[in-house]
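What follows is a short report on a single structure.
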Amino acid sequence: MPFPKEIDKNSLPEHIAIIMDGNGRWAKKNNRARVFGHKNGVKSVREVTEGAAELGIKYLTLYAFSTENWNRPKAEVTALMQLLVTTIAKETKTLNKNNIRLQAIGDIKHLPKSCNQELEKAIETTSKNTGLTLILALSYSSKWEILNGINQLLNDVKSNKAEFEVVDESIFKSYLCTKDYPDPELLIRTSGEFRISNFLLWQLAYSELYFTEKLWPEFKKEDLIEAIANYQKRERRFGKTSEQL
Ligand code: IPE
Ligand code: IPE
Ligand code: MG
C-alpha cells in the first residue's frame with residue numbers, strides 16, 4: 001500500500017487501541033448467527049493489523065474479550081474461545097512474515113487451556129519481531145488490571161521484595177500488565193456506542209477518543225486511515241492553553 005496522502009507520516013500515534021464492537025449486530029443485519037459476526041470480525045482484525053503495520057504504528061491493542069464477556073451464553077463463549085485458538089494458530093506465520101510481535105494482556109490464566117497454550121506458543125514464536133506489537137486484550141478489564149496490580153504490590157511489600165514510602169505514577173504503572181507499552185494516543189470504538197466498557201481506564205487518561213457508527217466487521221484499512229487523519233487534526237493540549245503549545 002503506498003503511504004496514504006490523508007495522513008502525516010511524522011505525527012502518527014505510536015499506540016492505537018480499539019474496542020472492536022458490533023459483531024453481533026452485523027450478523028443480525030445479515031440474518032446470521034452471532035458467531036458468523038465474530039468470524040467476520042476476524043477479517044477486520046487481519047486488515048487493521050496489516051494496515052497498522054504498513055503505516056508504521058508501533059503498538060496496536062485490540063479489545064477482544066472482556067471480563068464481563070464471560071457472562072455471555074455459554075455457546076457463544078465456547079465459540080469465541082475456539083475461534084481464538086484457530087485464528088492464533090493460523091495467523092502466526094503471517095505475523096512472522098510481517099515482523100509483528102504478539103502480546104496479550106488480561107487474566108489469561110482464566111482462558112481454556114488450549115487457548116492459553118496456542119497463545120503462549122504464538123507469543124514465543126513472534127517474540128523476536130521488531131515491527132508492530134499487537135496486544136490482544138483477553139479476559140481483560142481495567143478494574144481487574146488495577147486491582148491485580150495493587151494486590152501484587154501489596155504482596156511485594158509484605159514479602160519484603162519491595163519497599164515504598166509513596167507510590168507514584170511510574171511505580172503504579174510498573175504493576176500493570178501494560179507496563180511495557182506507552183499509553184495509547186488514540187482510542188477507536190466501533191458500532192456507535194459511546195462508552196469505555198472497562199477498557200484501559202488508567203492508560204486512556206489523555207487519549208483522543210474516536211467513535212464510528214461502522215460495525216466491527218465493516219471496519220477496514222481506510223477506516224483506520226480516516227481515524228488517524230481525524231486524530232491528526234486535533235489539538236492535544238494536556239491542560240495547557242493553545243498559546244503555550
Ligand atoms: C464485539 O462484538 C465482540 C466481543 C465483545 C467479543 P459484540 O459481540 O459485542 O457485538 P454486538 O455489540 O452484540 O453487536
Ligand atoms: C466491549 O464490547 C468488549 C469487547 C469489544 C471485547 P461489549 O459489547 O462487551 O461492551 P458493552 O457490553 O456493549 O459495553
Ligand atoms: Mg458489543
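As shown in the C-alpha cells, the chain order sets the letters A, B, ...; within each chain, residues go from 1, and ligands are also counted from 1 in the order they appear.
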Kindly provide, as a PyMOL selection string, all nucleotide and amino acid residues lying within 8 Å of ligand 2, counting only C-alpha atoms and all ligand atoms.
-> chain A and resi 19-22+63-66+68-69+137-138+193+195-199
Selection file, N, CA and C atoms, as a PDB file, in the first residue's frame:
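Wrote it out as selection_26.pdb, contents follow:
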ATOM      1  N   ILE A  19     -11.682  -0.752  20.590  1.00  0.00           N
ATOM      2  CA  ILE A  19     -12.773  -1.562  21.141  1.00  0.00           C
ATOM      3  C   ILE A  19     -13.561  -2.057  19.937  1.00  0.00           C
ATOM      4  N   MET A  20     -13.348  -3.331  19.613  1.00  0.00           N
ATOM      5  CA  MET A  20     -13.925  -3.905  18.389  1.00  0.00           C
ATOM      6  C   MET A  20     -15.350  -4.344  18.708  1.00  0.00           C
ATOM      7  N   ASP A  21     -16.297  -3.489  18.455  1.00  0.00           N
ATOM      8  CA  ASP A  21     -17.674  -3.799  18.867  1.00  0.00           C
ATOM      9  C   ASP A  21     -18.623  -3.857  17.665  1.00  0.00           C
ATOM     10  N   GLY A  22     -19.668  -4.691  17.776  1.00  0.00           N
ATOM     11  CA  GLY A  22     -20.725  -4.712  16.770  1.00  0.00           C
ATOM     12  C   GLY A  22     -20.793  -5.976  15.929  1.00  0.00           C
ATOM     13  N   TYR A  63      -9.222  -4.928  21.928  1.00  0.00           N
ATOM     14  CA  TYR A  63     -10.068  -5.477  22.993  1.00  0.00           C
ATOM     15  C   TYR A  63     -10.873  -6.611  22.369  1.00  0.00           C
ATOM     16  N   ALA A  64     -10.474  -7.847  22.677  1.00  0.00           N
ATOM     17  CA  ALA A  64     -11.078  -8.997  22.015  1.00  0.00           C
ATOM     18  C   ALA A  64     -12.089  -9.730  22.898  1.00  0.00           C
ATOM     19  N   PHE A  65     -11.856  -9.704  24.216  1.00  0.00           N
ATOM     20  CA  PHE A  65     -12.775 -10.415  25.127  1.00  0.00           C
ATOM     21  C   PHE A  65     -12.630  -9.811  26.520  1.00  0.00           C
ATOM     22  N   SER A  66     -13.738  -9.320  27.053  1.00  0.00           N
ATOM     23  CA  SER A  66     -13.663  -8.639  28.348  1.00  0.00           C
ATOM     24  C   SER A  66     -14.007  -9.599  29.488  1.00  0.00           C
ATOM     25  N   GLU A  68     -16.253  -9.144  31.527  1.00  0.00           N
ATOM     26  CA  GLU A  68     -17.722  -9.207  31.543  1.00  0.00           C
ATOM     27  C   GLU A  68     -18.271 -10.130  30.451  1.00  0.00           C
ATOM     28  N   ASN A  69     -17.498 -10.335  29.379  1.00  0.00           N
ATOM     29  CA  ASN A  69     -17.971 -11.208  28.295  1.00  0.00           C
ATOM     30  C   ASN A  69     -18.107 -12.672  28.732  1.00  0.00           C
ATOM     31  N   ALA A 137      -6.217  -7.927  24.157  1.00  0.00           N
ATOM     32  CA  ALA A 137      -6.795  -7.861  25.499  1.00  0.00           C
ATOM     33  C   ALA A 137      -7.803  -8.990  25.616  1.00  0.00           C
ATOM     34  N   LEU A 138      -7.474  -9.977  26.450  1.00  0.00           N
ATOM     35  CA  LEU A 138      -8.276 -11.197  26.556  1.00  0.00           C
ATOM     36  C   LEU A 138      -8.616 -11.468  28.006  1.00  0.00           C
ATOM     37  N   GLU A 193     -21.369   2.979  19.894  1.00  0.00           N
ATOM     38  CA  GLU A 193     -21.520   3.042  21.357  1.00  0.00           C
ATOM     39  C   GLU A 193     -20.507   4.039  21.903  1.00  0.00           C
ATOM     40  N   ARG A 195     -18.989   4.410  24.993  1.00  0.00           N
ATOM     41  CA  ARG A 195     -18.521   4.071  26.336  1.00  0.00           C
ATOM     42  C   ARG A 195     -17.186   3.320  26.264  1.00  0.00           C
ATOM     43  N   ILE A 196     -16.561   3.211  27.431  1.00  0.00           N
ATOM     44  CA  ILE A 196     -15.228   2.618  27.527  1.00  0.00           C
ATOM     45  C   ILE A 196     -15.300   1.129  27.887  1.00  0.00           C
ATOM     46  N   SER A 197     -16.410   0.698  28.481  1.00  0.00           N
ATOM     47  CA  SER A 197     -16.620  -0.716  28.822  1.00  0.00           C
ATOM     48  C   SER A 197     -15.435  -1.364  29.547  1.00  0.00           C
ATOM     49  N   ASN A 198     -14.946  -0.664  30.560  1.00  0.00           N
ATOM     50  CA  ASN A 198     -13.909  -1.246  31.433  1.00  0.00           C
ATOM     51  C   ASN A 198     -12.588  -1.530  30.712  1.00  0.00           C
ATOM     52  N   PHE A 199     -12.240  -0.671  29.762  1.00  0.00           N
ATOM     53  CA  PHE A 199     -11.016  -0.854  28.965  1.00  0.00           C
ATOM     54  C   PHE A 199      -9.998   0.226  29.327  1.00  0.00           C
TER      55      PHE A 199
END
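With only C-alpha atoms and all ligand atoms as the atoms that count, the minimum distance from ligand 3 to the choices A:Ile123, A:Ala27, A:Leu83, A:Ile171 is reached by A:Ala27.
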Tyr181 of chain A: which residues within 9 Å, counting only C-alpha atoms, same-chain residues fewer than 3 positions away excluded, as a compact mmCIF listing (two decimals) with N, CA and C atoms, in the first residue's frame?
# COMPACT_ATOMS: atom_id res chain seq x y z
N HIS A 15 0.69 4.46 19.57
CA HIS A 15 -0.13 3.36 20.09
C HIS A 15 -1.62 3.64 19.82
N TYR A 59 2.38 0.19 18.30
CA TYR A 59 1.58 -0.67 19.18
C TYR A 59 0.10 -0.60 18.79
N THR A 178 0.14 -3.60 31.35
CA THR A 178 0.52 -2.78 30.19
C THR A 178 1.83 -2.03 30.45
N PRO A 184 -1.97 4.67 24.94
CA PRO A 184 -2.46 4.94 23.57
C PRO A 184 -2.78 6.43 23.38
Which is closest to Ile146 of chain A among A:Gln203, A:Asn160, A:Asn96, A:Leu186, if we use only C-alpha atoms?
->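 Between A:Gln203, A:Asn160, A:Asn96, A:Leu186, the residue approaching Ile146 of chain A most closely is A:Gln203.
Each of A:Asn99, A:Ser170, A:Gln152, A:Ser114 was checked against Lys128 of chain A using only C-alpha atoms; the smallest atom-to-atom distance is that of A:Asn99.
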Just the strand (DSSP E) stuff from segment 158-194 of chain A, please, per backbone DSSP, written as a list of chain:residue names.
-> A:Leu186, A:Leu187, A:Ile188, A:Arg189
Among A:Ser207, A:Glu120, A:Lys28, A:Lys220, Glu14 of chain A is approached most closely, using only C-alpha atoms, by A:Ser207
Distance atom CA of Gly106 of chain A-atom CA of Trp144 of chain A, one decimal place?
->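 These atoms are spaced 8.0 Å apart.
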Which residues come within 8 Å of Gln103 of chain A, counting only C-alpha atoms, excluding same-chain residues fewer than 5 positions away, as an NGL selection string?
-> :A and (123 or 133-136)
Take the selection from the previous step and output its residues with N, CA and C atoms, as a PDB file, in the first residue's frame.
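Saved to selection.pdb:
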ATOM      1  N   ILE A 123       3.109 -16.134  21.127  1.00  0.00           N
ATOM      2  CA  ILE A 123       3.869 -15.050  21.752  1.00  0.00           C
ATOM      3  C   ILE A 123       5.356 -15.370  21.683  1.00  0.00           C
ATOM      4  N   THR A 133       3.867  -4.140  17.518  1.00  0.00           N
ATOM      5  CA  THR A 133       3.493  -5.011  18.634  1.00  0.00           C
ATOM      6  C   THR A 133       1.973  -5.053  18.695  1.00  0.00           C
ATOM      7  N   LEU A 134       1.419  -6.253  18.501  1.00  0.00           N
ATOM      8  CA  LEU A 134      -0.032  -6.448  18.536  1.00  0.00           C
ATOM      9  C   LEU A 134      -0.404  -7.019  19.899  1.00  0.00           C
ATOM     10  N   ILE A 135      -1.183  -6.253  20.659  1.00  0.00           N
ATOM     11  CA  ILE A 135      -1.527  -6.660  22.026  1.00  0.00           C
ATOM     12  C   ILE A 135      -3.003  -7.051  22.080  1.00  0.00           C
ATOM     13  N   LEU A 136      -3.274  -8.313  22.369  1.00  0.00           N
ATOM     14  CA  LEU A 136      -4.670  -8.753  22.483  1.00  0.00           C
ATOM     15  C   LEU A 136      -5.113  -8.647  23.930  1.00  0.00           C
TER      16      LEU A 136
END
Between A:Tyr206, A:Glu50, A:Asn116, A:Trp70, which is the closest to Pro182 of chain A once you count only C-alpha atoms?
->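 Closest candidate: A:Tyr206.
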Quick one: of A:Lys221, A:His110, A:Arg32, A:Lys179, who's nearest to Val45 of chain A, counting only C-alpha atoms?
->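 Closest to Val45 of chain A, using only C-alpha atoms: A:Lys221.
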Arg101 of chain A surroundings by only C-alpha atoms, 7 Å radius, close-in-sequence under 4 positions cut, as an mmCIF file with N, CA, C and O atoms, in the first residue's frame:
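The result, written out as result.cif:
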data_model
loop_
_atom_site.group_PDB
_atom_site.id
_atom_site.type_symbol
_atom_site.label_atom_id
_atom_site.label_comp_id
_atom_site.auth_asym_id
_atom_site.auth_seq_id
_atom_site.Cartn_x
_atom_site.Cartn_y
_atom_site.Cartn_z
ATOM 1 N N THR A 126 6.799 -15.259 18.018
ATOM 2 C CA THR A 126 6.900 -13.929 17.395
ATOM 3 C C THR A 126 7.728 -12.957 18.244
ATOM 4 O O THR A 126 7.828 -11.771 17.916
ATOM 5 N N SER A 127 8.295 -13.460 19.338
ATOM 6 C CA SER A 127 8.892 -12.559 20.341
ATOM 7 C C SER A 127 10.082 -11.746 19.826
ATOM 8 O O SER A 127 10.395 -10.697 20.384
ATOM 9 N N ASN A 129 10.301 -10.409 16.810
ATOM 10 C CA ASN A 129 9.911 -9.472 15.753
ATOM 11 C C ASN A 129 9.999 -8.026 16.245
ATOM 12 O O ASN A 129 9.722 -7.737 17.398
ATOM 13 N N THR A 130 10.384 -7.143 15.331
ATOM 14 C CA THR A 130 10.701 -5.770 15.750
ATOM 15 C C THR A 130 9.756 -4.719 15.157
ATOM 16 O O THR A 130 9.943 -3.527 15.366
ATOM 17 N N GLY A 131 8.746 -5.176 14.390
ATOM 18 C CA GLY A 131 7.807 -4.208 13.809
ATOM 19 C C GLY A 131 6.691 -3.879 14.781
ATOM 20 O O GLY A 131 6.942 -3.572 15.952
ATOM 21 N N LEU A 132 5.468 -3.959 14.307
ATOM 22 C CA LEU A 132 4.303 -3.676 15.155
ATOM 23 C C LEU A 132 4.208 -4.660 16.331
ATOM 24 O O LEU A 132 4.449 -5.849 16.161
ATOM 25 N N THR A 133 3.867 -4.140 17.518
ATOM 26 C CA THR A 133 3.493 -5.011 18.634
ATOM 27 C C THR A 133 1.973 -5.053 18.695
ATOM 28 O O THR A 133 1.320 -4.030 18.887
ATOM 29 N N LEU A 134 1.419 -6.253 18.501
ATOM 30 C CA LEU A 134 -0.032 -6.448 18.536
ATOM 31 C C LEU A 134 -0.404 -7.019 19.899
ATOM 32 O O LEU A 134 0.042 -8.110 20.259
#
DSSP helix (DSSP H, G or I) residues within segment 21-211 of chain A, as an MDAnalysis selection string | chainID A and resid 23:29 34:55 67:71 74:97 108:110 113:125 142:158 169:173
For Glu226 of chain A: contacts at 9 Å, only C-alpha atoms, fewer than 5 positions along chain excluded, given as a PyMOL selection string = chain A and resi 6-7+221+231
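Here atom 5 (C, counted along the ligand's line) of ligand 1 and atom CA of Gln232 of chain A stand 27.9 Å from one another.
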Shell of 6 Å around Thr67 of chain A, only C-alpha atoms, local chain residues under 6 positions omitted, as a ChimeraX atom specification = /A:139-141
What does the distance from atom CA of Ser11 of chain A to atom CA of Ile228 of chain A come to in Å, to one decimal?
->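 Between atom CA of Ser11 of chain A and atom CA of Ile228 of chain A the gap works out to 9.6 Å.
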